[in-house]
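Each remark here refers to the structure printed beneath this line.
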Amino acid sequence: MHSLELLLDDATDAAVRAHWRRLLDADLPSQARHTGASNRPHVTLALADDLPVDVVAAVRRAVGASLPLDLRLGGLLVFAGRRPVVSRLVVASTALLDLQAAVVAALGDEAVDPHGQFAAGAWTPHVTLARRLGPDDLGAVLEVAGEEPVDLVGRAVELRQWDMTAKVTGTLVAAQ
């Protein structure tokens with residue numbers, strides 16, 4: 001399985017990592033606890049079973065000169081469930097929605113959407129702050145994360161591939 005992700009400019013990346021650090025310092029669930037080399041703030045655009053050379057070329061053409069792309073991280077977003085996830089919403093600009101739709105279309109038959117999260121009108125762009133929250137964590141995570149500024153303006157500067165099986169990342173498109 002492969003994840004196609006937008007990476008953030010240095011300043012926005014650092015601001016999100018500061019969110020992670022504040023949660024960690026409060027002894028709460030945080031993406032800062034994931035110390036793997038692949039862990040960095042990102043916006044997942046799509047998932048694919050495989051990325052053959054022709055599909056990678058199609059994705060690169062679809063993204064083209066779209067990067068850098070202005071992004072605005074807004075308020076907190078909770079994905080409910082048995083183990084909730086807290087994220088920062090990424091405001092869905094027309095340019096961002098168009099880019100995500102183009103990437104999904106370029107993936108063609110390789111696109112995977114097991115939970116219906118990446119289809120037009122169903123995708124919720126976000127940057128994860130904390131995952132797998134326990135029953136007593138949600139309120140505290142929201143309190144600490146809610147101390148952050150509501151709007152954070154930045155840019156997406158790279159489209160990265162994360163190969164979940166091989167545990168490797170690679171740049172597909174970088175801002176010019």
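Labels used: A, B, ... for chains in the order of the structure tokens, numbers from 1 for residues in each chain, and numbers from 1 for ligands as shown.
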Which of chain A counts as alpha helix (DSSP H) under DSSP, as a ChimeraX atom specification please?
/A:10-25,53-63,94-107,138-145
DSSP-assigned strand (DSSP E or B) among chain A, expressed as number ranges by chain
A: 2-8, 42-48, 69-79, 85-90, 111-112, 126-130, 152-163, 168-174
Within 9 Å of Pro29 in chain A using only C-alpha atoms, minus same-chain residues under 6 positions, as a ChimeraX atom specification:
/A:20,23,129-134,137,141
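Using only C-alpha atoms, the protein and nucleic acid residues lying no more than 7 Å from range 149-159 of chain A, apart from those fewer than 2 places from it along its own chain, are Leu4, Glu5, Leu6, Leu7, Leu8, Asp9, Thr12, Leu67, Pro68, Leu69, Asp70, Leu71, Arg72, Leu73, Gly74, Gly75, Glu147, Gln161, Thr171, Leu172, Val173, Ala174 and Ala175 of chain A.
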Residues from last step as file, C-alpha atoms, as a compact mmCIF listing (two decimals), in the first residue's frame:
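And here's out23.txt as it stands now:
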```txt
# COMPACT_ATOMS: atom_id res chain seq x y z
CA LEU A 4 0.50 10.02 -1.53
CA GLU A 5 1.06 12.97 0.78
CA LEU A 6 1.61 16.70 0.58
CA LEU A 7 4.50 17.86 2.77
CA LEU A 8 4.57 21.31 4.34
CA ASP A 9 7.08 24.14 4.09
CA THR A 12 4.48 25.21 8.82
CA LEU A 67 3.42 23.17 -6.04
CA PRO A 68 3.98 25.18 -4.01
CA LEU A 69 0.34 25.36 -3.03
CA ASP A 70 -0.94 27.77 -0.38
CA LEU A 71 -2.60 26.04 2.58
CA ARG A 72 -4.50 27.27 5.59
CA LEU A 73 -4.72 25.05 8.64
CA GLY A 74 -7.84 25.89 10.56
CA GLY A 75 -9.46 24.67 13.74
CA GLU A 147 -4.50 26.78 22.83
CA GLN A 161 5.11 8.65 -1.69
CA THR A 171 9.66 12.52 -3.50
CA LEU A 172 7.38 12.42 -6.54
CA VAL A 173 7.10 16.18 -7.14
CA ALA A 174 8.86 19.08 -5.43
CA ALA A 175 8.08 22.78 -5.70
```
Would you list the contacts of Thr124 in chain A as an MDAnalysis selection string, taking every protein, DNA or RNA residue within 9 Å and counting only C-alpha atoms, but skipping same-chain residues closer than 5 positions in sequence?
chainID A and resid 89:92 117:118
note - CA of His42 in chain A and CA of Asp136 in chain A are separated by 26.5 Å
Which of A:Leu45, A:Asp50, A:Leu138, A:Gln31 sits closest to Ala80 in chain A [using only C-alpha atoms]
A:Leu138
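With only C-alpha atoms as the atoms that count, the minimum distance from Thr44 in chain A to the choices A:Leu24, A:Ala101, A:Ala57, A:Val127 is reached by A:Val127.
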List as a list of chain:residue names the protein and nucleic acid residues near Ala105 in chain A, meaning an atom at most 9 Å away when only C-alpha atoms are counted, but skip any in the same chain fewer than 5 places from it.
A:Val59, A:Ala62, A:Gln100, A:Ala111
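Put simply, CA of Val16 in chain A is 18.8 Å away from CA of Pro84 in chain A.
For His2 in chain A, the non-local neighbours within 10 Å, defined as residues at least 6 positions apart in the same chain or in other chains and counting only C-alpha atoms, are Ala46, Leu47, Ala48, Asp49, Asp50, Leu51, Glu110, Ala111, Val112, Arg160, Gln161, Trp162, Asp163, Met164, Thr165, Ala166, Lys167, Val168 and Thr169 of chain A.
Here CA of Ala11 in chain A is placed at a distance of 26.0 Å from CA of Ala140 in chain A.
Nearest residue to Arg88 in chain A among A:Thr128, A:Ser66, A:Thr35, A:Ser30 is A:Thr128, counting only C-alpha atoms.
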